[in-house]
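J.: So here's protein_37.pdb, just PDB, C-alpha atoms, pLDDT in the B column:
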ATOM      1  CA  MET A   1      -8.874   4.757 -33.300  1.00 49.00           C
ATOM      2  CA  ALA A   2      -8.872   6.625 -29.986  1.00 52.00           C
ATOM      3  CA  THR A   3      -7.597   4.949 -26.850  1.00 52.00           C
ATOM      4  CA  SER A   4      -9.761   5.231 -23.761  1.00 53.00           C
ATOM      5  CA  TYR A   5      -8.368   6.645 -20.533  1.00 51.00           C
ATOM      6  CA  ARG A   6      -8.805   3.306 -18.765  1.00 52.00           C
ATOM      7  CA  GLU A   7      -6.551   1.582 -21.299  1.00 52.00           C
ATOM      8  CA  LEU A   8      -3.767   4.032 -20.469  1.00 49.00           C
ATOM      9  CA  GLN A   9      -3.745   3.070 -16.785  1.00 53.00           C
ATOM     10  CA  PHE A  10      -0.594   1.354 -15.590  1.00 53.00           C
ATOM     11  CA  ASP A  11      -1.389   0.922 -11.895  1.00 60.00           C
ATOM     12  CA  PRO A  12      -2.407  -2.657 -11.153  1.00 62.00           C
ATOM     13  CA  PRO A  13      -5.395  -3.333  -8.922  1.00 62.00           C
ATOM     14  CA  PRO A  14      -4.449  -4.277  -5.339  1.00 62.00           C
ATOM     15  CA  SER A  15      -5.168  -7.934  -6.037  1.00 64.00           C
ATOM     16  CA  LYS A  16      -2.312  -7.911  -8.571  1.00 64.00           C
ATOM     17  CA  VAL A  17       0.236  -6.118  -6.382  1.00 63.00           C
ATOM     18  CA  SER A  18       3.124  -8.406  -5.505  1.00 65.00           C
ATOM     19  CA  GLU A  19       3.817  -9.165  -1.873  1.00 66.00           C
ATOM     20  CA  HIS A  20       7.463  -9.899  -2.679  1.00 68.00           C
ATOM     21  CA  PRO A  21      10.250  -7.425  -1.863  1.00 70.00           C
ATOM     22  CA  PRO A  22      10.786  -4.784  -4.548  1.00 71.00           C
ATOM     23  CA  SER A  23      13.803  -5.124  -6.831  1.00 74.00           C
ATOM     24  CA  THR A  24      15.072  -1.692  -5.751  1.00 81.00           C
ATOM     25  CA  LYS A  25      15.286  -0.258  -2.247  1.00 87.00           C
ATOM     26  CA  PRO A  26      12.440   2.255  -1.782  1.00 89.00           C
ATOM     27  CA  PHE A  27      12.113   4.949   0.850  1.00 90.00           C
ATOM     28  CA  LYS A  28      10.181   3.976   3.983  1.00 89.00           C
ATOM     29  CA  SER A  29       7.425   6.471   3.126  1.00 88.00           C
ATOM     30  CA  MET A  30       6.848   4.623  -0.162  1.00 87.00           C
ATOM     31  CA  VAL A  31       6.001   1.290   1.489  1.00 86.00           C
ATOM     32  CA  GLY A  32       2.855   0.435   3.426  1.00 86.00           C
ATOM     33  CA  GLY A  33       3.332  -0.107   7.145  1.00 87.00           C
ATOM     34  CA  TRP A  34       1.504  -3.418   6.919  1.00 87.00           C
ATOM     35  CA  TRP A  35       4.007  -4.653   4.332  1.00 86.00           C
ATOM     36  CA  LEU A  36       6.976  -3.674   6.486  1.00 89.00           C
ATOM     37  CA  LYS A  37       5.424  -5.555   9.425  1.00 88.00           C
ATOM     38  CA  ALA A  38       4.964  -8.632   7.242  1.00 86.00           C
ATOM     39  CA  HIS A  39       8.588  -8.420   5.984  1.00 87.00           C
ATOM     40  CA  PRO A  40      10.635  -7.384   9.045  1.00 89.00           C
ATOM     41  CA  ASN A  41      13.950  -8.302   7.383  1.00 90.00           C
ATOM     42  CA  PHE A  42      13.412  -5.808   4.558  1.00 88.00           C
ATOM     43  CA  LYS A  43      15.128  -2.506   5.304  1.00 90.00           C
ATOM     44  CA  PRO A  44      14.009   0.481   3.173  1.00 91.00           C
ATOM     45  CA  HIS A  45      15.857   3.818   3.119  1.00 90.00           C
ATOM     46  CA  LYS A  46      14.794   5.560   6.325  1.00 88.00           C
ATOM     47  CA  SER A  47      14.990   9.105   5.021  1.00 88.00           C
ATOM     48  CA  GLY A  48      13.952  10.636   1.735  1.00 87.00           C
ATOM     49  CA  ALA A  49      10.638  11.262  -0.036  1.00 87.00           C
ATOM     50  CA  GLU A  50       9.276  12.921   3.121  1.00 88.00           C
ATOM     51  CA  TRP A  51       6.770  14.782   0.959  1.00 86.00           C
ATOM     52  CA  LEU A  52       4.856  11.498   0.641  1.00 85.00           C
ATOM     53  CA  VAL A  53       3.995  11.443   4.344  1.00 86.00           C
ATOM     54  CA  GLY A  54       0.445  12.727   4.623  1.00 86.00           C
ATOM     55  CA  PHE A  55       0.216  13.364   0.873  1.00 86.00           C
ATOM     56  CA  CYS A  56      -2.870  11.198   0.420  1.00 81.00           C
ATOM     57  CA  ASP A  57      -4.579  12.897   3.386  1.00 85.00           C
ATOM     58  CA  GLN A  58      -4.261  16.247   1.616  1.00 89.00           C
ATOM     59  CA  LEU A  59      -5.760  15.082  -1.673  1.00 86.00           C
ATOM     60  CA  MET A  60      -9.206  16.291  -2.604  1.00 89.00           C
ATOM     61  CA  GLN A  61     -11.462  14.336  -4.924  1.00 89.00           C
ATOM     62  CA  ASP A  62     -11.354  17.187  -7.456  1.00 90.00           C
ATOM     63  CA  ASN A  63      -7.535  16.881  -7.687  1.00 90.00           C
ATOM     64  CA  LEU A  64      -7.681  13.529  -9.470  1.00 89.00           C
ATOM     65  CA  HIS A  65      -9.436  11.824 -12.327  1.00 91.00           C
ATOM     66  CA  PRO A  66     -12.341   9.727 -10.952  1.00 91.00           C
ATOM     67  CA  ILE A  67     -10.606   6.485 -11.992  1.00 91.00           C
ATOM     68  CA  ASP A  68      -7.482   7.474 -10.047  1.00 90.00           C
ATOM     69  CA  TRP A  69      -9.562   8.521  -7.025  1.00 91.00           C
ATOM     70  CA  ASP A  70     -11.327   5.140  -7.028  1.00 91.00           C
ATOM     71  CA  HIS A  71      -7.984   3.362  -7.353  1.00 90.00           C
ATOM     72  CA  ILE A  72      -6.525   5.215  -4.351  1.00 88.00           C
ATOM     73  CA  LYS A  73      -9.615   4.462  -2.255  1.00 89.00           C
ATOM     74  CA  GLU A  74      -9.287   0.790  -3.204  1.00 91.00           C
ATOM     75  CA  LEU A  75      -5.589   0.761  -2.258  1.00 88.00           C
ATOM     76  CA  ILE A  76      -6.301   2.401   1.107  1.00 88.00           C
ATOM     77  CA  SER A  77      -9.051  -0.096   1.864  1.00 92.00           C
ATOM     78  CA  TRP A  78      -6.830  -2.993   0.804  1.00 91.00           C
ATOM     79  CA  GLY A  79      -3.963  -1.712   2.959  1.00 90.00           C
ATOM     80  CA  LYS A  80      -6.234  -1.453   6.010  1.00 92.00           C
ATOM     81  CA  GLU A  81      -7.432  -5.017   5.409  1.00 93.00           C
ATOM     82  CA  LYS A  82      -3.824  -6.248   5.176  1.00 92.00           C
ATOM     83  CA  GLU A  83      -2.959  -4.362   8.382  1.00 91.00           C
ATOM     84  CA  ARG A  84      -5.843  -6.110  10.209  1.00 93.00           C
ATOM     85  CA  GLU A  85      -4.741  -9.504   8.852  1.00 91.00           C
ATOM     86  CA  ILE A  86      -1.186  -8.986  10.073  1.00 88.00           C
ATOM     87  CA  ASP A  87      -2.301  -7.716  13.478  1.00 87.00           C
ATOM     88  CA  ASN A  88      -4.635 -10.715  13.866  1.00 88.00           C
ATOM     89  CA  THR A  89      -1.902 -13.142  12.812  1.00 82.00           C
ATOM     90  CA  ARG A  90       0.538 -11.685  15.316  1.00 75.00           C
ATOM     91  CA  SER A  91      -1.923 -11.824  18.191  1.00 70.00           C
ATOM     92  CA  VAL A  92      -2.728 -15.476  17.412  1.00 62.00           C
ATOM     93  CA  ALA A  93       0.895 -16.481  16.816  1.00 55.00           C
ATOM     94  CA  GLY A  94       2.161 -15.124  20.141  1.00 54.00           C
ATOM     95  CA  PRO A  95       3.051 -17.212  23.169  1.00 56.00           C
ATOM     96  CA  SER A  96       0.213 -19.073  24.791  1.00 53.00           C
ATOM     97  CA  SER A  97      -1.201 -17.683  28.008  1.00 50.00           C
ATOM     98  CA  GLU A  98      -2.100 -21.182  29.154  1.00 48.00           C
ATOM     99  CA  THR A  99       0.028 -22.755  31.850  1.00 48.00           C
ATOM    100  CA  MET A 100       0.821 -26.417  32.016  1.00 45.00           C
TER     101      MET A 100
END
Take the structure in the file and write it out as structure tokens.
T.:
Amino acid sequence: MATSYRELQFDPPPSKVSEHPPSTKPFKSMVGGWWLKAHPNFKPHKSGAEWLVGFCDQLMQDNLHPIDWDHIKELISWGKEKEREIDNTRSVAGPSSETM
């Protein structure tokens, strides 16, 4: 019995991605900026894997299988949403501008 391409996927959907620190120390370019903002005590390797910077921006839709392209678009959208959530939380959590 043949296995479909979708069954071979190993990347979880964004909703299943853990927000806990990884078990190994990744390079900074491997971690979303929003995640680093949310976990300021986590220190990734600062240098290494520089080829990842801008990699997604250079991808063309024809370079990937449609399922992978959809997955990347979903991850980008999810990351932008997380970035907005963190920025909104920080602006609300700051010191009050009211005087007593």
J.: Any chance you could work out the residue set of the PyMOL selection byres ((chain A and resi 29) around 8) here, as a PyMOL selection string?
T.: chain A and resi 27-28+30-32+48-50+52-53
J.: Find the distance between atom CA of Ser91 of chain A and atom CA of Asn41 of chain A and write it in Å to one decimal.
T.: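 A separation of 19.5 Å between them.
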J.: Give me, please, the distance in Å between atom CA of Glu74 of chain A and atom CA of Ser47 of chain A, quoted to one decimal.
T.: 26.9 Å
J.: Could you list the residues chosen by the PyMOL selection byres ((chain A and resi 43) around 10) in this structure as an NGL selection string?
T.: :A and (21 or 25-28 or 36 or 39-42 or 44-46)
J.: State, in Å with one decimal place, the distance from atom CA of Asp70 of chain A to atom CA of Phe55 of chain A.
T.: 16.2 Å
J.: Report as number ranges by chain all protein, DNA and RNA residues lying within 12 Å of Leu59 of chain A, evaluated on all atoms listed in the file, omitting residues in the same chain fewer than 6 positions from it.
T.: A: 52, 65, 68-69, 72-73
J.: Could you check the closest approach to Arg84 of chain A for each of A:Asp62, A:Gly33, A:Cys56, A:Ile67 and tell me which residue wins, using only C-alpha atoms?
T.: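 Going through A:Asp62, A:Gly33, A:Cys56, A:Ile67 one by one, the smallest distance to Arg84 of chain A is for A:Gly33.
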J.: Find, counting all atoms listed in the file, the residue in A:Ser23, A:Lys37, A:Asn63, A:Gly54 that gets nearest to Asp87 of chain A.
T.: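 When distances to Asp87 of chain A are compared using all atoms listed in the file, the smallest one comes from A:Lys37.
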J.: Using the file's own x, y and z axes, what box holds all listed atoms of segment 36-47 of chain A with 4 Å on each side, keeping edges along x, y and z, and what are its centre and edge lengths in Å to one decimal, as AutoDock Vina command-line options?
T.:
--center_x 10.4 --center_y 0.2 --center_z 6.3 --size_x 18.9 --size_y 25.7 --size_z 14.3
J.: Which residues come within 7 Å of Trp34 of chain A, counting only C-alpha atoms, excluding same-chain residues fewer than 6 positions away, as a PDB file with C-alpha atoms, keeping the file's coordinate frame?
T.:
ATOM      1  CA  GLY A  79      -3.963  -1.712   2.959  1.00 90.00           C
ATOM      2  CA  LYS A  82      -3.824  -6.248   5.176  1.00 92.00           C
ATOM      3  CA  GLU A  83      -2.959  -4.362   8.382  1.00 91.00           C
ATOM      4  CA  ILE A  86      -1.186  -8.986  10.073  1.00 88.00           C
TER       5      ILE A  86
END
